[in-house]
file entry09.cif (mmCIF, C-alpha atoms)
data_final
loop_
_atom_site.label_atom_id
_atom_site.label_comp_id
_atom_site.auth_asym_id
_atom_site.auth_seq_id
_atom_site.Cartn_x
_atom_site.Cartn_y
_atom_site.Cartn_z
CA MET I 469 53.78 -101.93 45.24
CA GLN I 470 54.65 -102.22 48.90
CA ASP I 471 58.29 -102.52 49.90
CA GLU I 472 59.22 -105.51 47.76
CA GLU I 473 61.93 -106.77 50.06
CA ASN I 474 59.42 -106.96 52.91
CA LEU I 475 56.92 -108.78 50.70
CA VAL I 476 59.49 -111.31 49.53
CA ARG I 477 60.66 -112.04 53.07
CA ARG I 478 57.06 -112.62 54.16
CA ALA I 479 56.44 -114.81 51.12
CA GLN I 480 59.50 -116.87 52.10
CA GLN I 481 57.78 -117.39 55.46
CA GLN I 482 54.78 -118.85 53.58
CA ASN I 483 52.59 -115.77 54.00
CA GLU I 484 49.74 -116.22 51.50
CA GLU I 485 48.96 -112.51 51.28
CA ALA I 486 52.55 -111.60 50.42
CA PHE I 487 52.74 -114.35 47.77
CA THR I 488 49.49 -113.16 46.25
CA GLN I 489 50.70 -109.57 46.04
CA LEU I 490 53.88 -110.62 44.25
CA TYR I 491 51.89 -112.87 41.92
CA GLU I 492 49.43 -110.10 41.00
CA GLU I 493 52.28 -107.63 40.46
CA TYR I 494 54.27 -109.78 38.06
CA PHE I 495 51.73 -112.04 36.36
CA ASP I 496 50.93 -109.84 33.35
CA LYS I 497 54.55 -108.77 32.92
CA ILE I 498 55.87 -112.35 32.86
CA TYR I 499 53.11 -113.38 30.46
CA ARG I 500 53.93 -110.54 28.04
CA TYR I 501 57.68 -111.21 28.29
CA ILE I 502 57.23 -114.88 27.41
CA THR I 503 54.69 -114.10 24.65
CA LEU I 504 57.16 -111.75 23.02
CA LYS I 505 60.03 -114.20 23.32
CA ILE I 506 58.24 -117.19 21.81
CA GLY I 507 55.71 -115.39 19.59
CA ASN I 508 52.81 -117.57 20.68
CA GLN I 509 50.18 -116.45 23.22
CA THR I 510 48.73 -119.93 23.69
CA GLU I 511 52.04 -121.58 24.56
CA ALA I 512 52.94 -118.56 26.68
CA GLU I 513 50.01 -119.36 28.98
CA ASP I 514 51.44 -122.74 29.98
CA LEU I 515 54.93 -121.35 30.41
CA THR I 516 53.66 -118.44 32.55
CA GLN I 517 51.94 -120.88 34.91
CA GLN I 518 55.13 -122.93 35.13
CA VAL I 519 57.13 -119.82 36.08
CA PHE I 520 54.96 -119.12 39.13
CA VAL I 521 54.80 -122.76 40.21
CA LYS I 522 58.62 -122.90 40.09
CA ALA I 523 58.84 -119.57 41.93
CA LEU I 524 56.56 -120.89 44.68
CA GLN I 525 58.59 -124.07 45.02
CA SER I 526 61.95 -122.34 45.18
CA ILE I 527 61.33 -118.91 46.74
CA SER I 528 63.06 -120.03 49.93
CA SER I 529 66.31 -120.29 47.93
CA PHE I 530 66.14 -116.63 46.80
CA ARG I 531 68.73 -114.43 48.51
CA TRP I 532 68.91 -110.64 48.52
CA LYS I 533 72.47 -110.23 47.29
CA GLY I 534 71.89 -106.86 45.61
CA ILE I 535 69.81 -108.59 42.93
CA PRO I 536 66.17 -107.56 42.78
CA PHE I 537 63.41 -110.14 43.04
CA SER I 538 62.30 -109.25 39.51
CA ALA I 539 65.69 -110.37 38.19
CA TRP I 540 65.25 -113.76 39.84
CA LEU I 541 61.70 -114.16 38.55
CA PHE I 542 62.54 -113.09 34.99
CA ARG I 543 65.51 -115.49 35.08
CA ILE I 544 63.04 -118.32 35.78
CA ALA I 545 60.93 -117.07 32.86
CA HIS I 546 63.99 -116.87 30.62
CA ASN I 547 64.92 -120.47 31.50
CA GLN I 548 61.39 -121.62 30.68
CA VAL I 549 61.74 -119.98 27.27
CA VAL I 550 65.12 -121.63 26.70
CA ASP I 551 63.67 -125.05 27.62
CA TYR I 552 60.74 -124.40 25.31
CA PHE I 553 63.00 -123.71 22.33
CA ARG I 554 65.15 -126.68 23.18
CA LYS I 555 62.08 -128.91 23.02
CA GLU I 556 60.67 -127.22 19.93
CA LYS I 557 64.08 -126.95 18.21
CA LYS I 558 62.73 -124.22 16.02
CA TYR I 559 61.11 -120.81 16.24
CA THR I 560 57.43 -121.29 15.42
CA THR I 561 54.12 -119.51 15.76
CA THR I 562 50.77 -121.20 16.05
CA PRO I 563 48.53 -121.09 13.01
CA LEU I 564 45.92 -118.40 13.49
CA ASP I 565 42.80 -120.48 14.18
CA GLU I 566 44.49 -122.47 16.97
CA SER I 567 45.16 -119.34 18.93
CA LEU I 568 41.53 -118.24 18.76
CA ARG I 569 40.19 -120.63 21.35
CA ASP I 570 36.71 -120.75 22.77
CA GLY I 571 36.49 -117.99 25.27
CA ALA I 572 38.60 -115.49 23.32
CA ILE I 573 36.80 -112.29 24.11
CA ASP I 574 37.49 -110.49 20.86
CA PRO I 575 38.81 -112.52 17.94
CA GLN I 576 39.71 -109.37 16.01
CA LEU I 577 41.74 -108.06 18.93
CA ALA I 578 43.48 -111.45 19.18
CA VAL I 579 44.37 -111.23 15.48
CA GLU I 580 45.69 -107.68 15.85
CA GLN I 581 47.75 -108.65 18.88
CA LYS I 582 49.17 -111.66 17.05
CA LEU I 583 50.13 -109.43 14.11
CA ASP I 584 51.75 -106.90 16.48
CA ILE I 585 53.82 -109.65 18.07
CA GLU I 586 54.87 -111.08 14.70
CA GLN I 587 55.72 -107.60 13.43
CA LEU I 588 57.86 -106.94 16.47
CA ILE I 589 59.63 -110.28 16.21
CA LEU I 590 60.38 -109.57 12.55
CA ALA I 591 61.63 -106.08 13.34
CA THR I 592 63.86 -107.28 16.14
CA LYS I 593 65.43 -110.07 14.06
CA GLN I 594 67.97 -107.47 12.92
CA LEU I 595 68.95 -106.73 16.51
CA THR I 596 71.48 -108.48 18.70
CA LYS I 597 70.41 -110.92 21.39
CA ALA I 598 71.11 -108.29 24.07
CA GLN I 599 69.06 -105.65 22.26
CA ARG I 600 66.11 -108.06 21.91
CA GLU I 601 66.34 -108.88 25.61
CA VAL I 602 66.24 -105.16 26.48
CA ILE I 603 63.07 -104.71 24.39
CA SER I 604 61.43 -107.77 25.96
CA LEU I 605 62.22 -106.66 29.51
CA ARG I 606 61.53 -102.97 28.96
CA PHE I 607 58.31 -103.10 26.95
CA ALA I 608 56.79 -106.49 27.71
CA GLY I 609 58.10 -106.74 31.27
CA GLU I 610 57.48 -102.99 31.87
CA LEU I 611 60.66 -102.80 33.86
CA PRO I 612 62.50 -99.52 34.38
CA ILE I 613 65.95 -99.18 32.82
CA ALA I 614 67.67 -99.56 36.21
CA GLN I 615 66.08 -103.00 36.75
CA VAL I 616 66.75 -104.10 33.17
CA ALA I 617 70.38 -103.17 33.69
CA ARG I 618 70.61 -105.24 36.88
CA ILE I 619 68.90 -108.24 35.32
CA MET I 620 71.31 -108.14 32.39
CA GLY I 621 74.35 -107.40 34.56
CA LYS I 622 75.09 -104.17 32.70
CA SER I 623 75.26 -100.49 33.60
CA GLU I 624 72.29 -98.24 32.88
CA GLY I 625 74.36 -96.35 30.35
CA ALA I 626 75.20 -99.58 28.54
CA VAL I 627 71.52 -100.56 28.41
CA LYS I 628 70.53 -97.13 27.06
CA ALA I 629 73.26 -97.43 24.44
CA LEU I 630 71.87 -100.81 23.38
CA MET U 840 82.25 -91.60 19.47
CA ARG U 841 80.94 -88.06 19.52
CA LYS U 842 78.67 -88.76 16.50
CA SER U 843 77.38 -91.92 18.19
CA LYS U 844 76.53 -89.96 21.36
CA GLU U 845 74.77 -87.35 19.24
CA PHE U 846 72.67 -90.04 17.56
CA ASP U 847 71.85 -91.57 20.97
CA ASN U 848 70.57 -88.19 22.16
CA ILE U 849 68.48 -87.76 19.00
CA LEU U 850 67.09 -91.29 19.40
CA ASN U 851 66.21 -90.65 23.06
CA GLU U 852 64.48 -87.41 22.16
CA CYS U 853 62.49 -89.05 19.35
CA LEU U 854 61.51 -91.97 21.59
CA GLU U 855 60.18 -89.53 24.16
CA ARG U 856 58.25 -87.60 21.51
CA LEU U 857 56.85 -90.81 20.06
CA LEU U 858 56.04 -92.84 23.16
CA ILE U 859 55.20 -90.16 25.69
CA LYS U 860 54.07 -87.10 23.74
CA GLY U 861 52.28 -89.17 21.08
CA GLU U 862 53.92 -87.60 18.03
CA THR U 863 54.20 -89.54 14.77
CA ILE U 864 57.33 -91.10 13.29
CA GLU U 865 57.07 -88.69 10.33
CA GLN U 866 57.19 -85.68 12.68
CA CYS U 867 60.37 -86.99 14.30
CA LEU U 868 62.02 -87.76 10.97
CA LYS U 869 61.19 -84.25 9.71
CA SER U 870 63.20 -82.83 12.62
CA TYR U 871 66.26 -84.97 11.75
CA PRO U 872 66.23 -85.71 8.00
CA GLU U 873 69.96 -86.65 7.93
CA GLN U 874 69.39 -89.46 10.45
CA ALA U 875 66.06 -90.57 8.95
CA ASN U 876 67.40 -93.81 7.42
CA LYS U 877 68.89 -94.93 10.71
CA LEU U 878 66.08 -93.57 12.91
CA GLU U 879 63.05 -94.90 11.08
CA PRO U 880 63.44 -98.66 11.69
CA LEU U 881 64.30 -98.08 15.35
CA LEU U 882 61.28 -95.85 15.92
CA LYS U 883 58.98 -98.31 14.15
CA THR U 884 60.27 -101.10 16.39
CA ALA U 885 59.74 -98.97 19.49
CA LEU U 886 56.17 -98.19 18.46
CA THR U 887 55.36 -101.86 17.84
CA ALA U 888 56.99 -102.80 21.14
CA LYS U 889 54.72 -100.30 22.90
CA LYS U 890 51.63 -101.93 21.35
CA VAL U 891 52.82 -105.31 22.58
CA SER U 892 53.04 -103.94 26.11
CA ALA U 893 49.25 -103.48 26.02
CA ILE U 894 48.64 -107.20 25.53
CA GLN U 895 46.62 -108.77 28.35
CA PRO U 896 46.20 -112.43 29.26
CA ARG U 897 42.76 -113.89 28.47
CA PRO U 898 40.40 -113.61 31.48
CA GLU U 899 39.78 -117.39 31.42
CA PHE U 900 43.51 -118.10 31.52
CA ARG U 901 44.01 -115.53 34.27
CA ALA U 902 41.32 -117.20 36.42
CA ARG U 903 42.67 -120.70 35.72
CA ALA U 904 46.24 -119.62 36.57
CA ARG U 905 45.10 -117.99 39.82
CA TYR U 906 43.29 -121.17 40.81
CA GLN U 907 46.36 -123.28 40.14
CA PHE U 908 48.56 -120.82 42.01
CA HIS U 909 46.41 -120.94 45.14
CA SER U 910 46.07 -124.73 44.93
CA THR U 911 49.84 -125.10 44.70
CA LEU U 912 50.25 -122.70 47.62
CA ARG U 913 47.92 -124.79 49.76
CA GLU U 914 49.58 -128.04 48.75
CA LEU U 915 52.98 -126.68 49.71
CA GLU U 916 51.63 -125.34 53.02
CA ALA U 917 50.03 -128.70 53.82
CA LYS U 918 53.26 -130.57 52.99
CA ARG U 919 55.33 -128.31 55.21
CA SER U 920 52.93 -128.56 58.16
CA ARG U 921 52.75 -132.36 57.87
CA ARG U 922 56.54 -132.54 57.72
CA PHE U 923 56.87 -130.44 60.87
CA PHE U 924 54.07 -131.68 63.05
CA GLY U 925 52.78 -134.75 61.25
CA TRP U 926 49.32 -133.15 61.60
CA GLN U 927 46.95 -131.54 59.14
CA PRO U 928 47.10 -127.68 59.16
CA ARG U 929 43.67 -127.29 60.74
CA TRP U 930 44.74 -129.30 63.77
CA VAL U 931 47.82 -127.10 64.10
CA THR U 932 45.74 -123.95 63.89
CA ALA U 933 43.15 -125.20 66.37
CA VAL U 934 45.97 -126.00 68.83
CA ALA U 935 47.42 -122.53 68.20
CA VAL U 936 44.06 -120.97 69.11
CA VAL U 937 43.94 -122.92 72.39
CA LEU U 938 47.55 -121.96 73.19
CA ILE U 939 46.93 -118.26 72.51
CA LEU U 940 43.86 -118.30 74.76
CA LEU U 941 45.73 -120.11 77.54
CA LEU U 942 48.78 -117.87 77.31
CA VAL U 943 47.17 -114.48 76.96
CA GLY U 944 43.75 -115.27 78.44
CA SER U 945 40.46 -114.99 76.65
CA GLY U 946 39.89 -111.65 78.40
CA THR U 947 43.01 -110.22 76.81
CA VAL U 948 41.99 -111.44 73.39
CA ALA U 949 38.59 -109.81 73.87
CA ALA U 950 40.20 -106.58 75.12
CA ALA U 951 42.52 -106.50 72.12
CA SER U 952 39.68 -106.57 69.62
CA ASN U 953 39.19 -102.79 69.74
CA ASN U 954 42.85 -101.87 69.94
CA MET U 955 44.29 -99.38 67.49
CA PRO U 956 47.68 -99.74 65.72
CA ASP U 957 49.36 -97.51 68.30
CA GLU U 958 48.13 -99.56 71.28
CA PRO U 959 49.97 -102.42 72.99
CA LEU U 960 47.46 -105.22 72.34
CA TYR U 961 47.18 -104.51 68.61
CA PRO U 962 49.51 -107.46 67.72
CA VAL U 963 47.16 -109.78 69.67
CA LYS U 964 44.25 -108.40 67.64
CA LEU U 965 46.09 -109.10 64.37
CA ALA U 966 47.15 -112.59 65.51
CA THR U 967 43.54 -113.47 66.44
CA GLU U 968 42.38 -112.27 63.01
CA GLN U 969 44.99 -114.46 61.31
CA VAL U 970 43.78 -117.49 63.24
CA ARG U 971 40.18 -116.78 62.14
CA LEU U 972 41.38 -116.55 58.54
CA LYS U 973 43.25 -119.84 58.78
CA LEU U 974 40.14 -121.54 60.16
CA ALA U 975 37.86 -120.21 57.40
CA PRO U 976 36.33 -123.32 55.77
CA SER U 977 36.19 -122.00 52.20
CA ASP U 978 37.55 -119.33 49.88
CA LEU U 979 34.25 -117.42 50.01
CA ASP U 980 34.22 -117.47 53.81
CA LYS U 981 37.78 -116.22 53.80
CA ALA U 982 36.93 -113.47 51.31
CA GLN U 983 33.99 -112.43 53.52
CA LEU U 984 36.34 -112.26 56.51
CA TYR U 985 38.82 -110.15 54.55
CA ALA U 986 36.01 -107.75 53.66
CA GLY U 987 35.19 -107.39 57.36
CA LEU U 988 38.86 -106.86 58.21
CA ALA U 989 39.13 -104.22 55.49
CA ASP U 990 36.38 -102.31 57.28
CA LYS U 991 38.39 -102.41 60.53
CA ARG U 992 41.58 -101.26 58.78
CA VAL U 993 39.79 -98.27 57.25
CA LEU U 994 38.64 -97.18 60.69
CA GLU U 995 42.19 -97.60 62.00
CA ILE U 996 43.66 -95.60 59.11
CA ALA U 997 41.24 -92.74 59.79
CA ARG U 998 42.09 -92.76 63.52
CA MET U 999 45.85 -92.84 62.94
CA ALA U 1000 45.60 -90.04 60.39
CA ASN U 1001 43.60 -87.98 62.88
CA LYS U 1002 46.34 -88.54 65.47
CA GLY U 1003 49.00 -87.40 63.00
CA LYS U 1004 50.76 -90.79 62.72
CA PRO U 1005 51.61 -91.20 59.02
CA GLU U 1006 53.85 -94.30 59.48
CA LEU U 1007 50.94 -96.19 61.03
CA VAL U 1008 48.65 -94.93 58.27
CA GLU U 1009 51.08 -96.41 55.70
CA ARG U 1010 51.49 -99.71 57.50
CA THR U 1011 47.75 -100.18 57.98
CA ALA U 1012 47.10 -99.16 54.36
CA GLN U 1013 49.52 -101.91 53.27
CA ARG U 1014 47.47 -104.47 55.19
CA LEU U 1015 44.29 -103.12 53.63
CA ASP U 1016 45.90 -103.41 50.18
CA ASN U 1017 46.73 -107.07 50.94
CA TYR U 1018 43.18 -107.86 52.06
CA LEU U 1019 41.50 -106.34 49.02
CA THR U 1020 43.93 -108.15 46.72
CA MET U 1021 43.09 -111.39 48.52
CA ILE U 1022 39.34 -110.83 48.05
CA ALA U 1023 39.77 -110.52 44.28
CA SER U 1024 42.09 -113.50 44.16
CA LEU U 1025 39.97 -115.79 46.36
CA VAL U 1026 36.75 -115.04 44.48
CA SER U 1027 38.41 -115.86 41.14
CA THR U 1028 39.85 -119.05 42.59
CA GLN U 1029 36.50 -120.06 44.01
CA LYS U 1030 34.76 -119.48 40.67
CA GLU U 1031 37.35 -121.55 38.87
CA ARG U 1032 36.94 -124.36 41.37
CA ALA U 1033 33.16 -124.22 41.02
CA GLY U 1034 33.64 -124.50 37.26
CA VAL U 1035 31.67 -121.34 36.67
CA LEU U 1036 34.06 -120.17 34.01
CA MET U 1037 35.04 -123.49 32.47
CA ALA U 1038 31.82 -125.45 32.13
CA PRO U 1039 29.00 -124.30 29.92
CA PRO U 1040 25.61 -124.26 31.67
CA PRO U 1041 23.97 -127.68 31.42
CA THR U 1042 21.18 -127.93 28.87
CA LYS U 1043 17.92 -128.74 30.49
CA ALA U 1044 15.30 -131.01 29.05
CA PRO U 1045 12.02 -129.09 28.57
CA GLY U 1046 9.78 -129.53 31.60
CA PRO U 1047 6.02 -130.04 31.59
CA LEU U 1048 3.99 -127.16 30.18
CA GLY U 1049 3.32 -124.46 32.74
CA ALA U 1050 6.06 -125.61 35.08
CA SER U 1051 8.25 -122.89 36.45
CA ASP U 1052 11.68 -122.76 34.89
CA LYS U 1053 13.26 -120.96 37.82
CA THR U 1054 16.49 -122.57 39.01
CA VAL U 1055 16.88 -122.73 42.76
CA PRO U 1056 19.88 -120.55 43.60
CA THR U 1057 22.78 -122.54 45.00
CA LYS U 1058 24.25 -121.90 48.42
CA GLN U 1059 27.50 -120.76 46.78
CA ALA U 1060 25.68 -118.35 44.50
CA ASN U 1061 23.87 -116.83 47.49
CA ARG U 1062 27.12 -116.37 49.38
CA ARG U 1063 28.77 -114.84 46.32
CA ALA U 1064 25.85 -112.44 46.00
CA LYS U 1065 26.17 -111.51 49.67
CA LEU U 1066 29.89 -110.90 49.29
CA LYS U 1067 29.27 -108.82 46.17
CA ALA U 1068 26.79 -106.65 48.08
CA VAL U 1069 29.24 -106.15 50.95
CA VAL U 1070 32.13 -105.27 48.64
CA ALA U 1071 29.96 -102.91 46.58
CA SER U 1072 28.83 -101.15 49.73
CA TYR U 1073 32.36 -100.83 51.14
CA ALA U 1074 33.65 -99.62 47.76
CA ILE U 1075 31.52 -96.50 48.32
CA GLN U 1076 31.76 -96.16 52.10
CA HIS U 1077 35.48 -96.67 52.59
CA PRO U 1078 36.86 -94.09 50.14
CA ALA U 1079 34.27 -91.63 51.47
CA ALA U 1080 35.38 -92.31 55.05
CA LEU U 1081 39.03 -91.74 54.21
CA GLN U 1082 38.21 -88.63 52.20
CA ASP U 1083 36.39 -87.31 55.26
CA ALA U 1084 39.44 -88.17 57.38
CA LEU U 1085 41.64 -86.33 54.88
CA ASN U 1086 39.64 -83.15 55.41
CA LYS U 1087 40.19 -83.36 59.17
CA ALA U 1088 43.72 -84.81 59.35
CA PRO U 1089 46.79 -82.77 60.29
CA GLU U 1090 49.13 -81.87 57.39
CA SER U 1091 51.73 -84.43 58.48
CA ALA U 1092 49.34 -87.31 57.81
CA LYS U 1093 47.82 -86.06 54.55
CA PRO U 1094 50.36 -87.45 52.03
CA ALA U 1095 50.13 -90.95 53.54
CA LEU U 1096 46.34 -90.70 53.63
CA ARG U 1097 46.16 -89.61 49.99
CA ARG U 1098 48.29 -92.63 49.00
CA ALA U 1099 45.99 -94.88 51.05
CA ILE U 1100 42.92 -93.48 49.24
CA ALA U 1101 44.56 -94.06 45.84
CA ILE U 1102 45.45 -97.67 46.75
CA LEU U 1103 41.97 -98.28 48.15
CA THR U 1104 40.23 -96.95 45.05
CA ALA U 1105 42.35 -99.05 42.67
CA ASP U 1106 41.95 -102.18 44.81
CA TYR U 1107 38.17 -101.82 45.07
CA GLU U 1108 37.99 -101.52 41.30
CA LYS U 1109 39.72 -104.91 40.99
CA ALA U 1110 37.69 -106.46 43.80
CA LEU U 1111 34.39 -105.28 42.26
CA LYS U 1112 35.44 -106.67 38.92
CA ALA U 1113 36.24 -110.04 40.51
CA VAL U 1114 32.99 -110.34 42.48
CA GLY U 1115 30.90 -108.97 39.65
CA GLU U 1116 32.23 -111.22 36.85
#
call {"tool": "encode", "arguments": {"input": "entry09.cif", "output": "structure tokens"}}
result
Amino acid sequence: MQDEENLVRRAQQQNEEAFTQLYEEYFDKIYRYITLKIGNQTEAEDLTQQVFVKALQSISSFRWKGIPFSAWLFRIAHNQVVDYFRKEKKYTTTPLDESLRDGAIDPQLAVEQKLDIEQLILATKQLTKAQREVISLRFAGELPIAQVARIMGKSEGAVKAL
Amino acid sequence: MRKSKEFDNILNECLERLLIKGETIEQCLKSYPEQANKLEPLLKTALTAKKVSAIQPRPEFRARARYQFHSTLRELEAKRSRRFFGWQPRWVTAVAVVLILLLVGSGTVAAASNNMPDEPLYPVKLATEQVRLKLAPSDLDKAQLYAGLADKRVLEIARMANKGKPELVERTAQRLDNYLTMIASLVSTQKERAGVLMAPPPTKAPGPLGASDKTVPTKQANRRAKLKAVVASYAIQHPAALQDALNKAPESAKPALRRAIAILTADYEKALKAVGE
């Protein structure tokens, strides 16, 4: 991606092209991050949209204080997940047939993906909250270790050790 | 502490073998049988996590989300303009056009239209293009404009590369990247708005026997087809033009030009997918 700092500054000046570039860069990553956190692809869709609407509304408040833009955006996503659990008050997954809406391209693929997510959630139940966050950011968010470390406020070595 | 560091190194090595080299968990465990009990669950988790990273949003959701994103963007832009001027954005832009022409003169604007990135009137050229984009009446018109601007940027990239100016190649390639991303985004947004993706085709009552069942193509569909043809044509011409420039460019400009070609190729893939869906 182009120099992100330049893109963010232009987006803060309401430049549509810059906004669109940032959106295209992070859309899939935010979606996967939320899907992994809540274990439900259908609900993740609504939350993902909310993340970008909130980002649009508050991008002017973002300040480059040594924190990357990704950290700010994933923080918004994290807060959406927290609000979701607060409302749900439990950790649930949607029954299989609800997640296979009209328009699902490949129902078998959807089933496999759902099983992969559930398997991962089960596997990571043994891990600490910090370790689960590293996996979500690293694999679902596709963020390099350096960015994961900055988002979590830890050193790279500490993240690797996790 | 030392044992823990040793295990970390073994884990890192196994993760690399598993996730990058494509080895199996069993192969890794064979190399370190004493750590197998501790290693196995971690490696299984890593493998599952990698599968999850391949998950993609549904195309329908992606299109719907893009539409909402652009709608929200426009709403916010309209609110801000009204707050500042009390006018609708189009009035503001039309006034801006008049001001530019009065300040710089219509002759200057015309003269700027062929300027290259290393020439003094190039900013006037870009500003005039932005005004045309703002005045575009619809997403398809805007996308068509972006396609035309992409053609200009390719020419500029080739010229700057030929002159051995890699920084200008990079900067112009960034603009080109933006334009092609916008084409894909605008076309998806337009389709969503037109309900192409959401609504099933209406069922038609059977007409009288022998009557033609041909549906008259809509204006939108014609314009989409025209845009698709333009994008498809540029998707072949532009990489070829830059490849040709690469063969003639001085060494100093080649790395930047190669990056521009890579960006262009990837962006045209996305744009073709958007216009072709």
call {"tool": "interface_residues", "arguments": {"input": "entry09.cif", "of": "chain U", "to": "chain I", "cutoff": "10 Å", "atoms": "all atoms listed in the file", "output": "PyMOL selection string"}}
result
chain U and resi 843-844+847-848+851+880-881+883-901+903-905+907-909+911-913+915-916+919+1009-1010+1012-1014+1016-1021+1024-1025+1036-1037+1102
call {"tool": "atom_distance", "arguments": {"input": "entry09.cif", "atom1": "atom CA of U:Ala917", "atom2": "atom CA of U:Val970"}}
result
15.9 Å
call {"tool": "residues_around", "arguments": {"input": "entry09.cif", "residues": "stretch 981-995 of chain U", "least_positions_apart": "2", "cutoff": "8 Å", "atoms": "only C-alpha atoms", "output": "list in words"}}
result
Met955, Pro956, Leu972, Ala975, Pro976, Ser977, Asp978, Leu979, Ala997, Arg998, Met999, Val1008, Thr1011, Ala1012, Arg1014, Leu1015, Tyr1018, Leu1019, Met1021, Ile1022, Leu1025, Val1026, Leu1066, Val1069, Val1070, Tyr1073, His1077, Ala1080 and Leu1081 of chain U
call {"tool": "atom_distance", "arguments": {"input": "entry09.cif", "atom1": "atom CA of I:Gly534", "atom2": "atom CA of I:Val627"}}
result
18.3 Å
call {"tool": "resolve_selection", "arguments": {"input": "entry09.cif", "expression": "the PyMOL selection byres ((chain I and resi 615-617) around 8)", "output": "PyMOL selection string"}}
result
chain I and resi 536+538-539+602+605-606+611-614+618-624+626-627
call {"tool": "atom_distance", "arguments": {"input": "entry09.cif", "atom1": "atom CA of I:Leu490", "atom2": "atom CA of I:Val476"}}
result
7.7 Å
call {"tool": "resolve_selection", "arguments": {"input": "entry09.cif", "expression": "the PyMOL selection byres ((chain U and resi 1071) around 10)", "output": "list in words"}}
result
Lys1065, Leu1066, Lys1067, Ala1068, Val1069, Val1070, Ser1072, Tyr1073, Ala1074, Ile1075, Gln1076, Tyr1107, Glu1108, Ala1110, Leu1111, Val1114 and Gly1115 of chain U
call {"tool": "write_last_selection", "arguments": {"input": "entry09.cif", "atoms": "C-alpha atoms", "output": "JSON list (two decimals), in the coordinates of the input"}}
result
[["chain", "number", "residue", "atom", "x", "y", "z"],
["U", 1065, "LYS", "CA", 26.17, -111.51, 49.67],
["U", 1066, "LEU", "CA", 29.89, -110.90, 49.29],
["U", 1067, "LYS", "CA", 29.27, -108.82, 46.17],
["U", 1068, "ALA", "CA", 26.79, -106.65, 48.08],
["U", 1069, "VAL", "CA", 29.24, -106.15, 50.95],
["U", 1070, "VAL", "CA", 32.13, -105.27, 48.64],
["U", 1072, "SER", "CA", 28.83, -101.15, 49.73],
["U", 1073, "TYR", "CA", 32.36, -100.83, 51.14],
["U", 1074, "ALA", "CA", 33.65, -99.62, 47.76],
["U", 1075, "ILE", "CA", 31.52, -96.50, 48.32],
["U", 1076, "GLN", "CA", 31.76, -96.16, 52.10],
["U", 1107, "TYR", "CA", 38.17, -101.82, 45.07],
["U", 1108, "GLU", "CA", 37.99, -101.52, 41.30],
["U", 1110, "ALA", "CA", 37.69, -106.46, 43.80],
["U", 1111, "LEU", "CA", 34.39, -105.28, 42.26],
["U", 1114, "VAL", "CA", 32.99, -110.34, 42.48],
["U", 1115, "GLY", "CA", 30.90, -108.97, 39.65]]
